[in-house]
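my_file_37.pdb (PDB, C-alpha atoms, pLDDT in the B column) appears below.
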MODEL        1
ATOM      1  CA  LEU A   1       0.000   0.000   0.000  1.00 43.00           C
ATOM      2  CA  LYS A   2       2.774   2.425   0.886  1.00 48.00           C
ATOM      3  CA  LYS A   3       4.372   1.770  -2.489  1.00 48.00           C
ATOM      4  CA  ASN A   4       1.125   2.829  -4.213  1.00 47.00           C
ATOM      5  CA  GLN A   5       0.896   5.957  -2.080  1.00 45.00           C
ATOM      6  CA  ASN A   6       4.403   6.967  -3.153  1.00 44.00           C
ATOM      7  CA  PHE A   7       3.505   6.314  -6.772  1.00 43.00           C
ATOM      8  CA  MET A   8       0.402   8.501  -6.488  1.00 45.00           C
ATOM      9  CA  ALA A   9       2.371  11.347  -4.915  1.00 46.00           C
ATOM     10  CA  THR A  10       4.930  11.139  -7.713  1.00 70.00           C
ATOM     11  CA  HIS A  11       2.143  10.941 -10.308  1.00 63.00           C
ATOM     12  CA  ASN A  12       0.373  13.989  -8.798  1.00 74.00           C
ATOM     13  CA  GLU A  13       3.642  15.943  -8.615  1.00 85.00           C
ATOM     14  CA  LEU A  14       4.339  15.127 -12.266  1.00 83.00           C
ATOM     15  CA  GLY A  15       0.839  16.286 -13.187  1.00 86.00           C
ATOM     16  CA  ALA A  16       1.265  19.564 -11.284  1.00 92.00           C
ATOM     17  CA  LEU A  17       4.655  20.113 -12.930  1.00 92.00           C
ATOM     18  CA  GLY A  18       3.147  19.438 -16.354  1.00 94.00           C
ATOM     19  CA  GLU A  19       0.312  21.885 -15.733  1.00 96.00           C
ATOM     20  CA  GLN A  20       2.780  24.612 -14.723  1.00 96.00           C
ATOM     21  CA  ILE A  21       4.856  23.943 -17.858  1.00 96.00           C
ATOM     22  CA  ALA A  22       1.657  24.179 -19.933  1.00 98.00           C
ATOM     23  CA  VAL A  23       0.627  27.469 -18.266  1.00 98.00           C
ATOM     24  CA  ASP A  24       4.085  28.964 -18.918  1.00 98.00           C
ATOM     25  CA  TYR A  25       3.958  27.708 -22.524  1.00 98.00           C
ATOM     26  CA  LEU A  26       0.525  29.289 -23.115  1.00 98.00           C
ATOM     27  CA  ILE A  27       1.478  32.623 -21.506  1.00 98.00           C
ATOM     28  CA  GLU A  28       4.621  32.781 -23.690  1.00 98.00           C
ATOM     29  CA  ARG A  29       2.309  32.464 -26.701  1.00 98.00           C
ATOM     30  CA  GLY A  30       0.000  35.263 -25.633  1.00 98.00           C
ATOM     31  CA  TYR A  31      -2.804  33.284 -24.012  1.00 98.00           C
ATOM     32  CA  GLN A  32      -4.552  34.724 -20.974  1.00 98.00           C
ATOM     33  CA  ILE A  33      -5.007  32.178 -18.163  1.00 98.00           C
ATOM     34  CA  ILE A  34      -8.505  32.480 -16.670  1.00 98.00           C
ATOM     35  CA  GLU A  35      -8.625  29.453 -14.350  1.00 97.00           C
ATOM     36  CA  ARG A  36      -6.526  26.487 -13.283  1.00 97.00           C
ATOM     37  CA  ASN A  37      -8.001  23.227 -11.994  1.00 96.00           C
ATOM     38  CA  TRP A  38     -11.567  24.507 -12.224  1.00 97.00           C
ATOM     39  CA  SER A  39     -14.079  21.891 -11.181  1.00 95.00           C
ATOM     40  CA  ASN A  40     -17.780  21.327 -10.930  1.00 93.00           C
ATOM     41  CA  GLY A  41     -18.566  18.158  -9.042  1.00 90.00           C
ATOM     42  CA  HIS A  42     -16.102  15.474 -10.094  1.00 90.00           C
ATOM     43  CA  LYS A  43     -15.426  17.040 -13.495  1.00 93.00           C
ATOM     44  CA  GLU A  44     -12.321  19.191 -13.763  1.00 95.00           C
ATOM     45  CA  ILE A  45     -10.693  21.405 -16.365  1.00 97.00           C
ATOM     46  CA  ASP A  46      -6.902  21.657 -16.062  1.00 97.00           C
ATOM     47  CA  ILE A  47      -6.628  25.114 -17.651  1.00 98.00           C
ATOM     48  CA  VAL A  48      -9.171  27.601 -18.959  1.00 98.00           C
ATOM     49  CA  ALA A  49      -7.489  30.218 -21.143  1.00 98.00           C
ATOM     50  CA  LYS A  50      -8.342  32.851 -23.703  1.00 98.00           C
ATOM     51  CA  ASP A  51      -6.743  32.930 -27.142  1.00 98.00           C
ATOM     52  CA  GLY A  52      -7.978  36.236 -28.513  1.00 97.00           C
ATOM     53  CA  ASP A  53     -11.751  36.034 -28.041  1.00 96.00           C
ATOM     54  CA  THR A  54     -11.833  32.231 -27.910  1.00 97.00           C
ATOM     55  CA  ILE A  55     -12.206  30.355 -24.632  1.00 97.00           C
ATOM     56  CA  VAL A  56      -9.735  27.460 -24.684  1.00 98.00           C
ATOM     57  CA  ILE A  57     -10.332  24.406 -22.521  1.00 98.00           C
ATOM     58  CA  VAL A  58      -6.927  22.757 -22.091  1.00 98.00           C
ATOM     59  CA  GLU A  59      -6.369  19.191 -20.951  1.00 96.00           C
ATOM     60  CA  VAL A  60      -2.755  18.585 -19.923  1.00 95.00           C
ATOM     61  CA  LYS A  61      -1.254  15.107 -20.078  1.00 91.00           C
ATOM     62  CA  THR A  62       2.239  14.624 -18.692  1.00 89.00           C
ATOM     63  CA  ARG A  63       4.304  11.453 -18.841  1.00 84.00           C
ATOM     64  CA  ARG A  64       7.862  10.355 -18.172  1.00 81.00           C
ATOM     65  CA  SER A  65       7.967   8.233 -21.310  1.00 70.00           C
ATOM     66  CA  THR A  66       6.042   7.420 -24.476  1.00 60.00           C
ATOM     67  CA  TYR A  67       7.041   3.777 -24.238  1.00 55.00           C
ATOM     68  CA  LEU A  68       3.472   2.471 -24.490  1.00 57.00           C
ATOM     69  CA  VAL A  69       1.488   5.405 -25.898  1.00 61.00           C
ATOM     70  CA  GLU A  70       1.624   9.146 -26.456  1.00 65.00           C
ATOM     71  CA  PRO A  71       0.146  11.088 -23.506  1.00 61.00           C
ATOM     72  CA  GLU A  72      -2.675  12.644 -25.533  1.00 71.00           C
ATOM     73  CA  THR A  73      -4.184   9.215 -26.249  1.00 71.00           C
ATOM     74  CA  ALA A  74      -5.344   9.218 -22.600  1.00 76.00           C
ATOM     75  CA  VAL A  75      -7.985  11.779 -23.588  1.00 85.00           C
ATOM     76  CA  ASP A  76     -10.530   9.178 -24.629  1.00 88.00           C
ATOM     77  CA  VAL A  77     -14.223   9.662 -25.454  1.00 89.00           C
ATOM     78  CA  PHE A  78     -15.184   9.411 -21.769  1.00 91.00           C
ATOM     79  CA  LYS A  79     -12.666  12.118 -20.798  1.00 92.00           C
ATOM     80  CA  GLN A  80     -13.818  14.258 -23.732  1.00 93.00           C
ATOM     81  CA  ARG A  81     -17.440  14.043 -22.565  1.00 93.00           C
ATOM     82  CA  ASN A  82     -16.431  15.086 -19.054  1.00 93.00           C
ATOM     83  CA  LEU A  83     -14.465  18.048 -20.422  1.00 95.00           C
ATOM     84  CA  ILE A  84     -17.371  19.100 -22.635  1.00 95.00           C
ATOM     85  CA  TRP A  85     -19.754  18.877 -19.669  1.00 95.00           C
ATOM     86  CA  ALA A  86     -17.371  20.880 -17.447  1.00 96.00           C
ATOM     87  CA  ALA A  87     -16.791  23.476 -20.179  1.00 96.00           C
ATOM     88  CA  ASN A  88     -20.535  23.899 -20.635  1.00 95.00           C
ATOM     89  CA  SER A  89     -20.907  24.400 -16.875  1.00 96.00           C
ATOM     90  CA  PHE A  90     -18.046  26.914 -16.868  1.00 97.00           C
ATOM     91  CA  VAL A  91     -19.323  29.087 -19.741  1.00 96.00           C
ATOM     92  CA  ASN A  92     -22.869  29.040 -18.346  1.00 95.00           C
ATOM     93  CA  ARG A  93     -21.800  29.893 -14.791  1.00 95.00           C
ATOM     94  CA  PHE A  94     -19.636  32.827 -15.880  1.00 95.00           C
ATOM     95  CA  GLN A  95     -21.922  33.778 -18.787  1.00 95.00           C
ATOM     96  CA  TYR A  96     -19.300  33.654 -21.525  1.00 94.00           C
ATOM     97  CA  ASP A  97     -20.658  34.031 -25.034  1.00 94.00           C
ATOM     98  CA  ASN A  98     -17.346  33.276 -26.742  1.00 94.00           C
ATOM     99  CA  ASP A  99     -16.408  30.460 -29.078  1.00 95.00           C
ATOM    100  CA  VAL A 100     -14.963  27.501 -27.170  1.00 96.00           C
ATOM    101  CA  ARG A 101     -12.084  25.323 -28.325  1.00 97.00           C
ATOM    102  CA  PHE A 102     -10.723  22.110 -26.806  1.00 97.00           C
ATOM    103  CA  ASP A 103      -6.937  21.702 -26.835  1.00 97.00           C
ATOM    104  CA  ILE A 104      -4.604  19.062 -25.465  1.00 95.00           C
ATOM    105  CA  ILE A 105      -1.083  19.825 -24.319  1.00 96.00           C
ATOM    106  CA  SER A 106       1.022  16.688 -24.209  1.00 92.00           C
ATOM    107  CA  ILE A 107       4.242  16.883 -22.214  1.00 93.00           C
ATOM    108  CA  VAL A 108       6.933  14.245 -21.979  1.00 90.00           C
ATOM    109  CA  ILE A 109       9.728  14.761 -19.461  1.00 88.00           C
ATOM    110  CA  ASP A 110      12.515  12.241 -19.981  1.00 84.00           C
ATOM    111  CA  ARG A 111      15.113  10.881 -17.552  1.00 83.00           C
ATOM    112  CA  ASN A 112      17.374  13.877 -18.208  1.00 87.00           C
ATOM    113  CA  ASN A 113      14.473  16.268 -17.511  1.00 86.00           C
ATOM    114  CA  GLU A 114      14.362  17.248 -21.173  1.00 88.00           C
ATOM    115  CA  LYS A 115      10.838  18.361 -22.048  1.00 91.00           C
ATOM    116  CA  ARG A 116       8.882  17.729 -25.228  1.00 90.00           C
ATOM    117  CA  ILE A 117       5.709  19.789 -25.515  1.00 95.00           C
ATOM    118  CA  GLU A 118       3.060  19.162 -28.148  1.00 93.00           C
ATOM    119  CA  HIS A 119       0.084  21.522 -28.348  1.00 96.00           C
ATOM    120  CA  ILE A 120      -2.868  20.043 -30.219  1.00 94.00           C
ATOM    121  CA  GLU A 121      -5.341  22.798 -31.016  1.00 96.00           C
ATOM    122  CA  ASP A 122      -8.943  21.758 -31.740  1.00 95.00           C
ATOM    123  CA  ALA A 123      -8.056  18.299 -30.442  1.00 93.00           C
ATOM    124  CA  PHE A 124     -11.734  17.278 -30.497  1.00 91.00           C
ATOM    125  CA  TYR A 125     -15.133  18.799 -31.073  1.00 90.00           C
ATOM    126  CA  PRO A 126     -18.231  18.575 -28.886  1.00 86.00           C
ATOM    127  CA  SER A 127     -20.646  15.938 -30.085  1.00 71.00           C
ATOM    128  CA  LEU A 128     -24.383  16.541 -30.142  1.00 54.00           C
ATOM    129  CA  ARG A 129     -24.966  12.981 -28.915  1.00 51.00           C
TER     130      ARG A 129
ENDMDL
END

Write out the structure in this file as structure tokens.
Amino acid sequence: LKKNQNFMATHNELGALGEQIAVDYLIERGYQIIERNWSNGHKEIDIVAKDGDTIVIVEVKTRRSTYLVEPETAVDVFKQRNLIWAANSFVNRFQYDNDVRFDIISIVIDRNNEKRIEHIEDAFYPSLR
């Protein structure tokens, strides 16, 4: 059990580090950060930003390796639905009337702490189903 607890702490620390890297990356590119880790119930948005007049919902995935899969593949249909639901709650609560875009920022930090950042704009679109 203790081994799992250590893993979770490391996993959470890696996630927090990845989110900070993503925030810095977005700010460097002129995005305005509106919220970090915004949640409604059990549904959370890592970063809410503005790119011009567009509200950007950003899911950040950080990994130490791409040995099995690229980090962005973890944003499956279930995760997409949760993000869409959370984004809808966010724009309704704060009465935004802007276009909304869903991006994924995939970060890989290797053993030497070298970082690879991939920003996938319009990573998916809300489904009417």

Margin query: Taking 5 positions as the minimum chain separation for residues in the same chain, which residues sit within 12 Å of A:Ala22 when counting all atoms listed in the file? Answer as a PyMOL selection string.
Written below: chain A and resi 15-17+27-29+31+33+36+46-49+58-62+103-108+115-120

Item checked: Test item: the PyMOL selection byres ((chain A and resi 87) around 10) resolved as JSON, numbers by chain -> {"A": [38, 39, 40, 43, 44, 45, 48, 55, 56, 57, 81, 82, 83, 84, 85, 86, 88, 89, 90, 91, 92, 93, 100, 101, 102]}

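Residue nearest A:Ser65 within the list A:Asp53, A:Asp110, A:Glu19, A:Glu13: A:Asp110 [criterion: smallest interatomic distance, all atoms listed in the file].
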
Checklist line | One-decimal distance in Å that lies between atom CA of A:Val77 and atom CA of A:Tyr125 | finding: 10.8 Å

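Near A:Gly30, within 10 Å and counting all atoms listed in the file, sit Tyr25, Lys50, Asp51 and Gly52 of chain A, not including residues fewer than 5 positions from it in the same chain.
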
Note to self: Using Å and a single decimal, report how far atom CA of A:Phe94 sits from atom CA of A:Gln20.
What the structure shows: 23.9 Å

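For the pair atom CA of A:Thr54 and atom CA of A:Leu14, the separation is 28.3 Å.
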